[in-house]
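K.L.:
As input, take data_7.cif (mmCIF, C-alpha atoms):
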```cif
data_structure
loop_
_atom_site.group_PDB
_atom_site.id
_atom_site.type_symbol
_atom_site.label_atom_id
_atom_site.label_comp_id
_atom_site.auth_asym_id
_atom_site.auth_seq_id
_atom_site.Cartn_x
_atom_site.Cartn_y
_atom_site.Cartn_z
ATOM 1 C CA MET A 66 210.002 -242.509 -34.946
ATOM 2 C CA PRO A 67 208.375 -239.042 -35.089
ATOM 3 C CA GLU A 68 208.639 -237.108 -31.832
ATOM 4 C CA GLU A 69 204.952 -236.185 -31.889
ATOM 5 C CA THR A 70 203.797 -239.802 -31.869
ATOM 6 C CA LEU A 71 202.552 -240.629 -28.389
ATOM 7 C CA ARG A 72 201.303 -244.205 -28.546
ATOM 8 C CA PRO A 73 202.546 -246.179 -31.551
ATOM 9 C CA PRO A 74 200.634 -249.448 -32.041
ATOM 10 C CA ALA A 75 202.147 -252.569 -30.481
ATOM 11 C CA PHE A 76 204.752 -250.464 -28.761
ATOM 12 C CA ASP A 77 203.736 -250.747 -25.137
ATOM 13 C CA GLU A 78 204.416 -254.429 -24.653
ATOM 14 C CA TRP A 79 207.875 -254.225 -26.161
ATOM 15 C CA LEU A 80 208.728 -251.163 -24.099
ATOM 16 C CA TYR A 81 207.595 -252.634 -20.800
ATOM 17 C CA ARG A 82 209.151 -256.027 -21.452
ATOM 18 C CA THR A 83 212.471 -254.521 -22.486
ATOM 19 C CA LEU A 84 212.630 -252.087 -19.597
ATOM 20 C CA ALA A 85 211.748 -254.815 -17.114
ATOM 21 C CA SER A 86 214.268 -257.278 -18.547
ATOM 22 C CA ASN A 87 217.213 -254.911 -18.153
ATOM 23 C CA GLY A 88 218.724 -256.698 -21.149
ATOM 24 C CA PRO A 89 220.861 -255.426 -24.054
ATOM 25 C CA GLU A 90 218.006 -253.352 -25.535
ATOM 26 C CA SER A 91 217.310 -251.639 -22.232
ATOM 27 C CA GLN A 92 219.273 -248.517 -23.176
ATOM 28 C CA SER A 93 217.250 -247.874 -26.322
ATOM 29 C CA ALA A 94 214.042 -248.665 -24.446
ATOM 30 C CA GLN A 95 214.895 -246.020 -21.872
ATOM 31 C CA GLN A 96 215.373 -243.511 -24.682
ATOM 32 C CA GLU A 97 211.960 -244.484 -26.057
ATOM 33 C CA LEU A 98 210.472 -244.057 -22.597
ATOM 34 C CA LEU A 99 211.949 -240.571 -22.375
ATOM 35 C CA ARG A 100 210.576 -239.684 -25.802
ATOM 36 C CA LEU A 101 207.153 -240.993 -24.838
ATOM 37 C CA LEU A 102 207.115 -238.999 -21.606
ATOM 38 C CA ARG A 103 208.262 -235.787 -23.316
ATOM 39 C CA VAL A 104 205.454 -236.027 -25.882
ATOM 40 C CA GLY A 105 202.848 -236.871 -23.265
ATOM 41 C CA LEU A 106 203.961 -234.138 -20.895
ATOM 42 C CA ARG A 107 203.856 -231.533 -23.642
ATOM 43 C CA ARG A 108 200.258 -232.497 -24.329
ATOM 44 C CA SER A 109 199.286 -232.610 -20.682
ATOM 45 C CA LEU A 110 200.817 -229.173 -20.079
ATOM 46 C CA ALA A 111 199.320 -227.587 -23.194
ATOM 47 C CA ALA A 112 197.127 -225.352 -21.054
ATOM 48 C CA ARG A 113 200.163 -224.174 -19.084
ATOM 49 C CA PRO A 114 202.622 -222.939 -21.700
ATOM 50 C CA GLU A 115 204.824 -221.354 -19.035
ATOM 51 C CA ALA A 116 205.690 -224.873 -17.859
ATOM 52 C CA LEU A 117 206.736 -226.265 -21.236
ATOM 53 C CA GLU A 118 210.339 -225.130 -20.837
ATOM 54 C CA TRP A 119 210.751 -227.687 -18.022
ATOM 55 C CA VAL A 120 209.339 -230.657 -19.941
ATOM 56 C CA ASP A 121 212.756 -232.241 -20.461
ATOM 57 C CA ASP A 122 213.581 -231.987 -16.755
ATOM 58 C CA PHE A 123 210.207 -233.406 -15.794
ATOM 59 C CA ALA A 124 210.593 -236.248 -18.281
ATOM 60 C CA GLN A 125 214.015 -237.180 -16.901
ATOM 61 C CA GLU A 126 212.770 -237.235 -13.337
ATOM 62 C CA ALA A 127 209.627 -239.094 -14.362
ATOM 63 C CA ALA A 128 211.604 -241.745 -16.254
ATOM 64 C CA THR A 129 213.600 -242.431 -13.102
ATOM 65 C CA ARG A 130 210.428 -242.793 -11.081
ATOM 66 C CA VAL A 131 208.809 -245.035 -13.712
ATOM 67 C CA MET A 132 211.828 -247.331 -13.601
ATOM 68 C CA ARG A 133 211.690 -247.377 -9.799
ATOM 69 C CA GLU A 134 207.962 -248.224 -9.791
ATOM 70 C CA LEU A 135 208.119 -250.692 -12.664
ATOM 71 C CA PRO A 136 207.513 -253.677 -10.334
ATOM 72 C CA HIS A 137 204.158 -252.126 -9.359
ATOM 73 C CA PHE A 138 202.857 -252.062 -12.943
ATOM 74 C CA ARG A 139 200.229 -254.790 -13.211
ATOM 75 C CA GLY A 140 199.418 -254.510 -16.911
ATOM 76 C CA ALA A 141 195.812 -253.501 -16.280
ATOM 77 C CA SER A 142 196.206 -250.461 -18.525
ATOM 78 C CA ARG A 143 198.580 -249.828 -21.392
ATOM 79 C CA PHE A 144 202.100 -249.311 -20.125
ATOM 80 C CA SER A 145 202.398 -245.933 -21.836
ATOM 81 C CA THR A 146 199.223 -244.705 -20.116
ATOM 82 C CA TRP A 147 200.469 -245.813 -16.706
ATOM 83 C CA ALA A 148 203.913 -244.272 -17.289
ATOM 84 C CA LEU A 149 202.343 -241.023 -18.416
ATOM 85 C CA ALA A 150 200.126 -240.881 -15.327
ATOM 86 C CA VAL A 151 203.256 -241.254 -13.188
ATOM 87 C CA ALA A 152 205.033 -238.541 -15.210
ATOM 88 C CA ILE A 153 202.129 -236.142 -14.806
ATOM 89 C CA ARG A 154 202.224 -236.696 -11.038
ATOM 90 C CA VAL A 155 205.938 -235.849 -11.062
ATOM 91 C CA ALA A 156 205.454 -232.713 -13.208
ATOM 92 C CA PHE A 157 202.412 -231.324 -11.408
ATOM 93 C CA ASP A 158 203.925 -231.987 -7.977
ATOM 94 C CA GLU A 159 206.998 -230.015 -9.003
ATOM 95 C CA LEU A 160 204.940 -227.159 -10.462
ATOM 96 C CA ARG A 161 202.873 -226.969 -7.284
ATOM 97 C CA ARG A 162 206.007 -226.995 -5.159
ATOM 98 C CA ARG A 163 207.502 -224.106 -7.128
ATOM 99 C CA ARG A 164 204.338 -222.085 -6.593
ATOM 100 C CA TRP A 165 203.914 -222.872 -2.904
ATOM 101 C CA ARG A 166 207.375 -223.524 -1.485
ATOM 102 C CA ASP A 167 207.802 -219.939 -0.224
ATOM 103 C CA VAL A 168 204.402 -219.859 1.460
ATOM 104 C CA SER A 169 204.727 -220.698 5.131
ATOM 105 C CA LEU A 170 201.904 -222.372 7.019
ATOM 106 C CA ASP A 171 201.888 -219.482 9.516
ATOM 107 C CA ALA A 172 201.467 -216.902 6.768
ATOM 108 C CA LEU A 173 198.779 -218.922 5.015
ATOM 109 C CA LEU A 174 196.715 -219.290 8.165
ATOM 110 C CA ALA A 175 197.183 -215.653 9.194
ATOM 111 C CA VAL A 176 195.729 -214.389 5.906
ATOM 112 C CA GLY A 177 192.702 -216.587 6.450
ATOM 113 C CA ALA A 178 192.087 -215.066 9.875
ATOM 114 C CA GLN A 179 191.644 -211.581 8.428
ATOM 115 C CA VAL A 180 189.258 -212.796 5.755
ATOM 116 C CA ALA A 181 187.276 -214.854 8.261
ATOM 117 C CA ALA A 182 186.553 -211.842 10.435
ATOM 118 C CA ARG A 183 185.272 -209.849 7.467
ATOM 119 C CA GLU A 184 183.059 -212.658 6.155
ATOM 120 C CA THR A 185 181.416 -213.166 9.529
ATOM 121 C CA GLN A 186 180.200 -209.577 9.426
ATOM 122 C CA LEU A 187 179.110 -209.577 5.816
ATOM 123 C CA GLN A 188 177.277 -212.875 5.453
ATOM 124 C CA GLU A 189 173.909 -213.809 6.814
ATOM 125 C CA LYS A 190 173.255 -217.534 6.953
ATOM 126 C CA ASP A 191 170.203 -219.688 7.197
ATOM 127 C CA LEU A 192 169.718 -221.003 10.762
ATOM 128 C CA THR A 193 170.119 -224.683 9.891
ATOM 129 C CA ARG A 194 173.176 -223.971 7.859
ATOM 130 C CA ARG A 195 174.598 -221.835 10.661
ATOM 131 C CA GLU A 196 174.000 -224.584 13.196
ATOM 132 C CA ILE A 197 175.707 -227.199 11.062
ATOM 133 C CA LEU A 198 178.707 -224.977 10.414
ATOM 134 C CA ASP A 199 178.988 -224.090 14.104
ATOM 135 C CA LEU A 200 178.838 -227.764 15.001
ATOM 136 C CA LEU A 201 181.530 -228.539 12.451
ATOM 137 C CA ARG A 202 183.696 -225.667 13.654
ATOM 138 C CA GLY A 203 183.328 -226.899 17.232
ATOM 139 C CA ALA A 204 184.208 -230.448 16.219
ATOM 140 C CA VAL A 205 187.323 -229.256 14.439
ATOM 141 C CA ILE A 206 188.416 -227.535 17.656
ATOM 142 C CA GLU A 207 187.451 -230.227 20.130
ATOM 143 C CA ARG A 208 187.913 -233.517 18.298
ATOM 144 C CA LEU A 209 190.934 -233.006 16.062
ATOM 145 C CA THR A 210 194.579 -232.784 16.976
ATOM 146 C CA GLU A 211 196.499 -229.612 16.190
ATOM 147 C CA ARG A 212 198.324 -231.484 13.423
ATOM 148 C CA GLN A 213 195.050 -232.637 11.860
ATOM 149 C CA ARG A 214 193.678 -229.072 12.048
ATOM 150 C CA THR A 215 196.763 -227.610 10.444
ATOM 151 C CA ALA A 216 196.669 -230.139 7.606
ATOM 152 C CA LEU A 217 192.964 -229.706 6.939
ATOM 153 C CA VAL A 218 193.023 -225.906 7.042
ATOM 154 C CA ALA A 219 196.086 -225.651 4.808
ATOM 155 C CA GLU A 220 194.442 -227.991 2.285
ATOM 156 C CA LEU A 221 191.249 -225.946 2.328
ATOM 157 C CA LYS A 222 193.317 -222.839 1.604
ATOM 158 C CA GLY A 223 194.746 -224.516 -1.474
ATOM 159 C CA MET A 224 198.156 -225.746 -0.419
ATOM 160 C CA PRO A 225 198.971 -228.823 -2.540
ATOM 161 C CA GLN A 226 199.425 -232.137 -0.795
ATOM 162 C CA SER A 227 203.021 -232.625 -1.890
ATOM 163 C CA GLU A 228 204.065 -229.249 -0.496
ATOM 164 C CA LEU A 229 202.034 -229.593 2.680
ATOM 165 C CA ALA A 230 203.446 -233.071 3.269
ATOM 166 C CA GLN A 231 206.958 -231.693 2.958
ATOM 167 C CA LYS A 232 206.240 -228.860 5.375
ATOM 168 C CA LEU A 233 204.787 -231.312 7.893
ATOM 169 C CA GLY A 234 207.657 -233.755 7.417
ATOM 170 C CA VAL A 235 205.555 -236.686 6.181
ATOM 171 C CA ASN A 236 204.950 -238.356 2.825
ATOM 172 C CA ARG A 237 201.825 -237.829 0.738
ATOM 173 C CA ILE A 238 200.257 -241.127 1.817
ATOM 174 C CA ALA A 239 200.686 -240.302 5.491
ATOM 175 C CA LEU A 240 199.218 -236.841 4.912
ATOM 176 C CA TYR A 241 196.208 -238.322 3.143
ATOM 177 C CA GLU A 242 195.676 -240.745 6.008
ATOM 178 C CA LEU A 243 195.967 -237.882 8.510
ATOM 179 C CA THR A 244 193.261 -235.811 6.815
ATOM 180 C CA HIS A 245 191.124 -238.836 5.979
ATOM 181 C CA ASP A 246 191.074 -239.806 9.634
ATOM 182 C CA ALA A 247 190.185 -236.216 10.530
ATOM 183 C CA ARG A 248 187.289 -236.154 8.055
ATOM 184 C CA ARG A 249 186.016 -239.476 9.384
ATOM 185 C CA GLN A 250 186.024 -238.099 12.926
ATOM 186 C CA LEU A 251 184.147 -234.991 11.836
ATOM 187 C CA LYS A 252 181.626 -237.103 9.953
ATOM 188 C CA ALA A 253 181.075 -239.201 13.088
ATOM 189 C CA VAL A 254 180.374 -236.059 15.115
ATOM 190 C CA LEU A 255 177.801 -234.881 12.574
ATOM 191 C CA SER A 256 176.260 -238.339 12.533
ATOM 192 C CA GLU A 257 176.015 -238.380 16.348
ATOM 193 C CA LYS A 258 173.936 -235.209 16.086
ATOM 194 C CA GLY A 259 171.685 -236.743 13.430
ATOM 195 C CA ILE A 260 173.146 -234.699 10.592
ATOM 196 C CA THR A 261 173.322 -236.912 7.526
ATOM 197 C CA ALA A 262 174.624 -236.333 4.029
ATOM 198 C CA GLU A 263 170.996 -235.758 2.981
ATOM 199 C CA THR A 264 170.525 -233.052 5.632
ATOM 200 C CA ILE A 265 173.682 -231.321 4.463
ATOM 201 C CA ALA A 266 172.665 -231.540 0.813
ATOM 202 C CA TRP A 267 169.279 -230.010 1.677
ATOM 203 C CA ALA A 268 170.693 -227.199 3.806
ATOM 204 C CA PHE A 269 173.489 -226.265 1.446
ATOM 205 C CA GLU A 270 172.046 -226.910 -1.964
ATOM 206 C CA PRO A 271 173.639 -226.167 -4.326
ATOM 207 C CA LEU A 272 176.838 -227.173 -2.547
ATOM 208 C CA MET B 173 199.350 -222.086 16.153
ATOM 209 C CA GLU B 174 195.539 -221.742 16.487
ATOM 210 C CA THR B 175 194.371 -222.835 13.066
ATOM 211 C CA ILE B 176 190.620 -223.078 13.488
ATOM 212 C CA LEU B 177 190.149 -219.320 13.773
ATOM 213 C CA THR B 178 191.396 -218.951 10.233
ATOM 214 C CA LEU B 179 188.611 -220.956 8.591
ATOM 215 C CA THR B 180 186.364 -218.725 6.518
ATOM 216 C CA GLU B 181 182.697 -219.524 5.982
ATOM 217 C CA THR B 182 183.498 -220.595 2.444
ATOM 218 C CA GLU B 183 186.260 -222.922 3.588
ATOM 219 C CA LEU B 184 184.066 -224.330 6.340
ATOM 220 C CA SER B 185 181.367 -225.058 3.755
ATOM 221 C CA LEU B 186 183.946 -226.777 1.569
ATOM 222 C CA LEU B 187 185.105 -228.832 4.550
ATOM 223 C CA LEU B 188 181.492 -229.800 5.202
ATOM 224 C CA ALA B 189 181.111 -230.968 1.614
ATOM 225 C CA LEU B 190 184.293 -233.039 1.914
ATOM 226 C CA VAL B 191 183.209 -234.519 5.238
ATOM 227 C CA SER B 192 179.815 -235.492 3.857
ATOM 228 C CA ARG B 193 181.537 -237.346 0.984
ATOM 229 C CA THR B 194 184.040 -239.098 3.247
ATOM 230 C CA ARG B 195 184.073 -242.901 3.235
ATOM 231 C CA ASP B 196 185.870 -245.359 5.460
ATOM 232 C CA ASP B 197 187.489 -247.186 2.536
ATOM 233 C CA GLU B 198 188.956 -244.314 0.537
ATOM 234 C CA LEU B 199 191.872 -244.684 -1.841
ATOM 235 C CA THR B 200 195.082 -242.784 -1.203
ATOM 236 C CA CYS B 201 196.532 -240.646 -3.997
ATOM 237 C CA ASP B 202 199.099 -243.330 -4.792
ATOM 238 C CA GLU B 203 196.405 -246.004 -5.016
ATOM 239 C CA PHE B 204 194.433 -243.740 -7.330
ATOM 240 C CA LEU B 205 197.529 -243.168 -9.449
ATOM 241 C CA MET B 206 198.012 -246.901 -9.899
ATOM 242 C CA HIS B 207 194.516 -247.152 -11.396
ATOM 243 C CA ALA B 208 194.307 -243.797 -13.200
ATOM 244 C CA GLY B 209 195.427 -245.339 -16.487
ATOM 245 C CA MET B 210 192.653 -247.927 -16.404
ATOM 246 C CA LEU B 211 190.104 -245.251 -15.539
ATOM 247 C CA ALA B 212 191.297 -243.057 -18.399
ATOM 248 C CA GLU B 213 191.098 -245.965 -20.827
ATOM 249 C CA GLY B 214 187.606 -246.869 -19.627
ATOM 250 C CA SER B 215 188.686 -250.406 -18.856
ATOM 251 C CA ILE B 216 187.347 -250.767 -15.316
ATOM 252 C CA ALA B 217 184.476 -253.240 -15.216
ATOM 253 C CA ASP B 218 184.135 -253.524 -11.441
ATOM 254 C CA GLU B 219 181.509 -250.949 -10.455
ATOM 255 C CA ALA B 220 182.644 -250.792 -6.817
ATOM 256 C CA GLN B 221 186.181 -250.006 -7.903
ATOM 257 C CA LEU B 222 184.912 -247.408 -10.331
ATOM 258 C CA LEU B 223 182.944 -245.713 -7.547
ATOM 259 C CA ARG B 224 185.992 -245.631 -5.266
ATOM 260 C CA LEU B 225 188.075 -244.009 -7.995
ATOM 261 C CA GLN B 226 185.354 -241.452 -8.689
ATOM 262 C CA GLN B 227 185.004 -240.766 -4.963
ATOM 263 C CA HIS B 228 188.723 -240.033 -4.756
ATOM 264 C CA LEU B 229 188.351 -237.511 -7.558
ATOM 265 C CA GLU B 230 185.573 -235.814 -5.582
ATOM 266 C CA ILE B 231 187.542 -235.669 -2.345
ATOM 267 C CA CYS B 232 191.122 -234.987 -3.440
ATOM 268 C CA ALA B 233 192.430 -231.504 -4.173
ATOM 269 C CA ASP B 234 195.273 -232.551 -6.480
ATOM 270 C CA CYS B 235 194.414 -235.768 -8.337
ATOM 271 C CA PRO B 236 191.569 -234.340 -10.473
ATOM 272 C CA GLU B 237 193.985 -231.849 -12.056
ATOM 273 C CA GLU B 238 196.439 -234.620 -12.873
ATOM 274 C CA TYR B 239 193.722 -236.923 -14.173
ATOM 275 C CA LEU B 240 192.389 -234.208 -16.474
ATOM 276 C CA ALA B 241 195.921 -233.641 -17.757
ATOM 277 C CA LEU B 242 196.209 -237.364 -18.459
ATOM 278 C CA LEU B 243 192.944 -237.346 -20.393
ATOM 279 C CA ASN B 244 194.132 -234.325 -22.384
ATOM 280 C CA ALA B 245 197.403 -236.035 -23.195
ATOM 281 C CA LEU B 246 195.703 -239.239 -24.344
ATOM 282 C CA GLN B 247 193.188 -237.383 -26.457
ATOM 283 C CA GLY B 248 195.727 -234.913 -27.843
#
```
Let me see the structure of the file written as structure tokens.
P.N.:
Amino acid sequence: MPEETLRPPAFDEWLYRTLASNGPESQSAQQELLRLLRVGLRRSLAARPEALEWVDDFAQEAATRVMRELPHFRGASRFSTWALAVAIRVAFDELRRRRWRDVSLDALLAVGAQVAARETQLQEKDLTRREILDLLRGAVIERLTERQRTALVAELKGMPQSELAQKLGVNRIALYELTHDARRQLKAVLSEKGITAETIAWAFEPL
Amino acid sequence: METILTLTETELSLLLALVSRTRDDELTCDEFLMHAGMLAEGSIADEAQLLRLQQHLEICADCPEEYLALLNALQG
């Protein structure tokens, strides 16, 4: 089968069934899975040629994860599409980690402090907008825990979730729940003050 | 570590945008991943589910990049 072929017709069902059965054809199916993931990852990383040299490593790691998560596949999409989505998560998480692993949370937040001071002097804001931002800033200080603040601020400064989760010692789901809960609390504070999504859209358009 | 002092006006505005889009019943990244294939194939008929997936793409910093990569791979 040509290496560049990503989704041969009538291939998905056989691949999934064979991988799931763990029968005599399982070995060749795993090789097909690897081939599929390599092709897909090359395409998905086409805009990042510097990452192409790691495609084989990513594909290997992704194949392991696909096999581990096989019981979660419900057949709602083609198997190859689902497997590729998992592989892309593996590859992009690793690329983000390589870029961010040497950035400490302390250093990231310290850089922001210098920029914040400069922006406050340079920018002049509309009164409504200023009031909303001050309210939000106050809510972040008063309503959130230090851990929630750290997670939110690091995310806003661009730290990827996988790396931030590792630095905070939690998994990505727990991190998402931490920041989701924080956003919900902040939204409740705004709502208590009568600030709705419509008010925000009006004051900050285009946001 | 006093983190709030490090929020710039731009970041605070971004946080405000995220807060205004926040819903109680959001998907986690892993839940989005489980449905990303269906979304990419255009096979989601349930409008409520479609909206939740789209909302995750609006709120999450990482999943949109991965979803775009998936679309590129499928269309490549």
K.L.:
What does the distance between atom CA of Ile206 of chain A and atom CA of Thr261 of chain A come to in Å, to one decimal place?
P.N.:
20.5 Å
K.L.:
Identify every residue of chain A that has at least one atom within 8 Å of any atom of chain B, counting all atoms listed in the file, and report the result as a count of residues only.
P.N.:
58
K.L.:
Name the residues captured by the PyMOL selection byres ((chain A and resi 165) around 10) when it is applied to the shown file; answer as a ChimeraX atom specification.
P.N.:
/A:159-164,166-169,223-225,227-229
K.L.:
Mind giving me the straight-line distance from atom CA of Glu230 of chain B to atom CA of Ala204 of chain A in Å, one decimal?
P.N.:
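Between atom CA of Glu230 of chain B and atom CA of Ala204 of chain A the gap works out to 22.5 Å.
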K.L.:
Rounded to one decimal in Å, what is the spacing between atom CA of Asp77 of chain A and atom CA of Ser145 of chain A?
P.N.:
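Computing it gives 6.0 Å between the two atoms.
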K.L.:
Excluding segment 118-133 of chain A and residues on its chain fewer than 5 positions from it, collect all residues at most 7 Å away from it, counting all atoms listed in the file, and give them as a list in words.
P.N.:
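That gives Leu98, Leu99, Leu102, Arg103, Leu106, Arg107, Ala148, Val151, Ala152, Val155 and Ala156 of chain A.
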K.L.:
Once you've located segment 177-193 of chain B in the structure I gave, write it as a JSON list (two decimals), in the first residue's frame, keeping N, CA and C atoms.
P.N.:
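Dumped to result_26.json:
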```
[["chain", "number", "residue", "atom", "x", "y", "z"],
["B", 177, "LEU", "N", -1.14, 40.79, 39.67],
["B", 177, "LEU", "CA", -0.44, 42.00, 39.25],
["B", 177, "LEU", "C", 0.18, 41.86, 37.87],
["B", 178, "THR", "N", 0.30, 40.66, 37.41],
["B", 178, "THR", "CA", 0.98, 40.45, 36.13],
["B", 178, "THR", "C", 0.01, 40.45, 34.94],
["B", 179, "LEU", "N", -1.26, 40.64, 35.18],
["B", 179, "LEU", "CA", -2.21, 40.65, 34.06],
["B", 179, "LEU", "C", -2.14, 41.99, 33.33],
["B", 180, "THR", "N", -1.85, 41.94, 32.05],
["B", 180, "THR", "CA", -1.86, 43.17, 31.26],
["B", 180, "THR", "C", -3.31, 43.49, 30.87],
["B", 181, "GLU", "N", -3.50, 44.69, 30.35],
["B", 181, "GLU", "CA", -4.84, 45.07, 29.90],
["B", 181, "GLU", "C", -5.32, 44.13, 28.80],
["B", 182, "THR", "N", -4.43, 43.78, 27.92],
["B", 182, "THR", "CA", -4.78, 42.88, 26.82],
["B", 182, "THR", "C", -5.21, 41.51, 27.35],
["B", 183, "GLU", "N", -4.45, 41.00, 28.30],
["B", 183, "GLU", "CA", -4.77, 39.70, 28.87],
["B", 183, "GLU", "C", -6.07, 39.75, 29.67],
["B", 184, "LEU", "N", -6.29, 40.86, 30.36],
["B", 184, "LEU", "CA", -7.53, 41.02, 31.12],
["B", 184, "LEU", "C", -8.72, 41.06, 30.16],
["B", 185, "SER", "N", -8.55, 41.72, 29.03],
["B", 185, "SER", "CA", -9.63, 41.76, 28.03],
["B", 185, "SER", "C", -9.90, 40.37, 27.47],
["B", 186, "LEU", "N", -8.82, 39.62, 27.25],
["B", 186, "LEU", "CA", -8.99, 38.24, 26.77],
["B", 186, "LEU", "C", -9.72, 37.40, 27.81],
["B", 187, "LEU", "N", -9.33, 37.57, 29.07],
["B", 187, "LEU", "CA", -10.01, 36.84, 30.15],
["B", 187, "LEU", "C", -11.50, 37.20, 30.18],
["B", 188, "LEU", "N", -11.79, 38.48, 29.98],
["B", 188, "LEU", "CA", -13.19, 38.91, 29.97],
["B", 188, "LEU", "C", -13.96, 38.23, 28.84],
["B", 189, "ALA", "N", -13.33, 38.14, 27.69],
["B", 189, "ALA", "CA", -13.98, 37.47, 26.55],
["B", 189, "ALA", "C", -14.24, 36.00, 26.88],
["B", 190, "LEU", "N", -13.27, 35.36, 27.50],
["B", 190, "LEU", "CA", -13.43, 33.94, 27.87],
["B", 190, "LEU", "C", -14.53, 33.77, 28.92],
["B", 191, "VAL", "N", -14.54, 34.67, 29.90],
["B", 191, "VAL", "CA", -15.55, 34.59, 30.96],
["B", 191, "VAL", "C", -16.94, 34.78, 30.37],
["B", 192, "SER", "N", -17.07, 35.71, 29.44],
["B", 192, "SER", "CA", -18.40, 35.97, 28.88],
["B", 192, "SER", "C", -18.89, 34.79, 28.04],
["B", 193, "ARG", "N", -17.98, 33.96, 27.54],
["B", 193, "ARG", "CA", -18.37, 32.78, 26.75],
["B", 193, "ARG", "C", -18.49, 31.52, 27.61]]
```
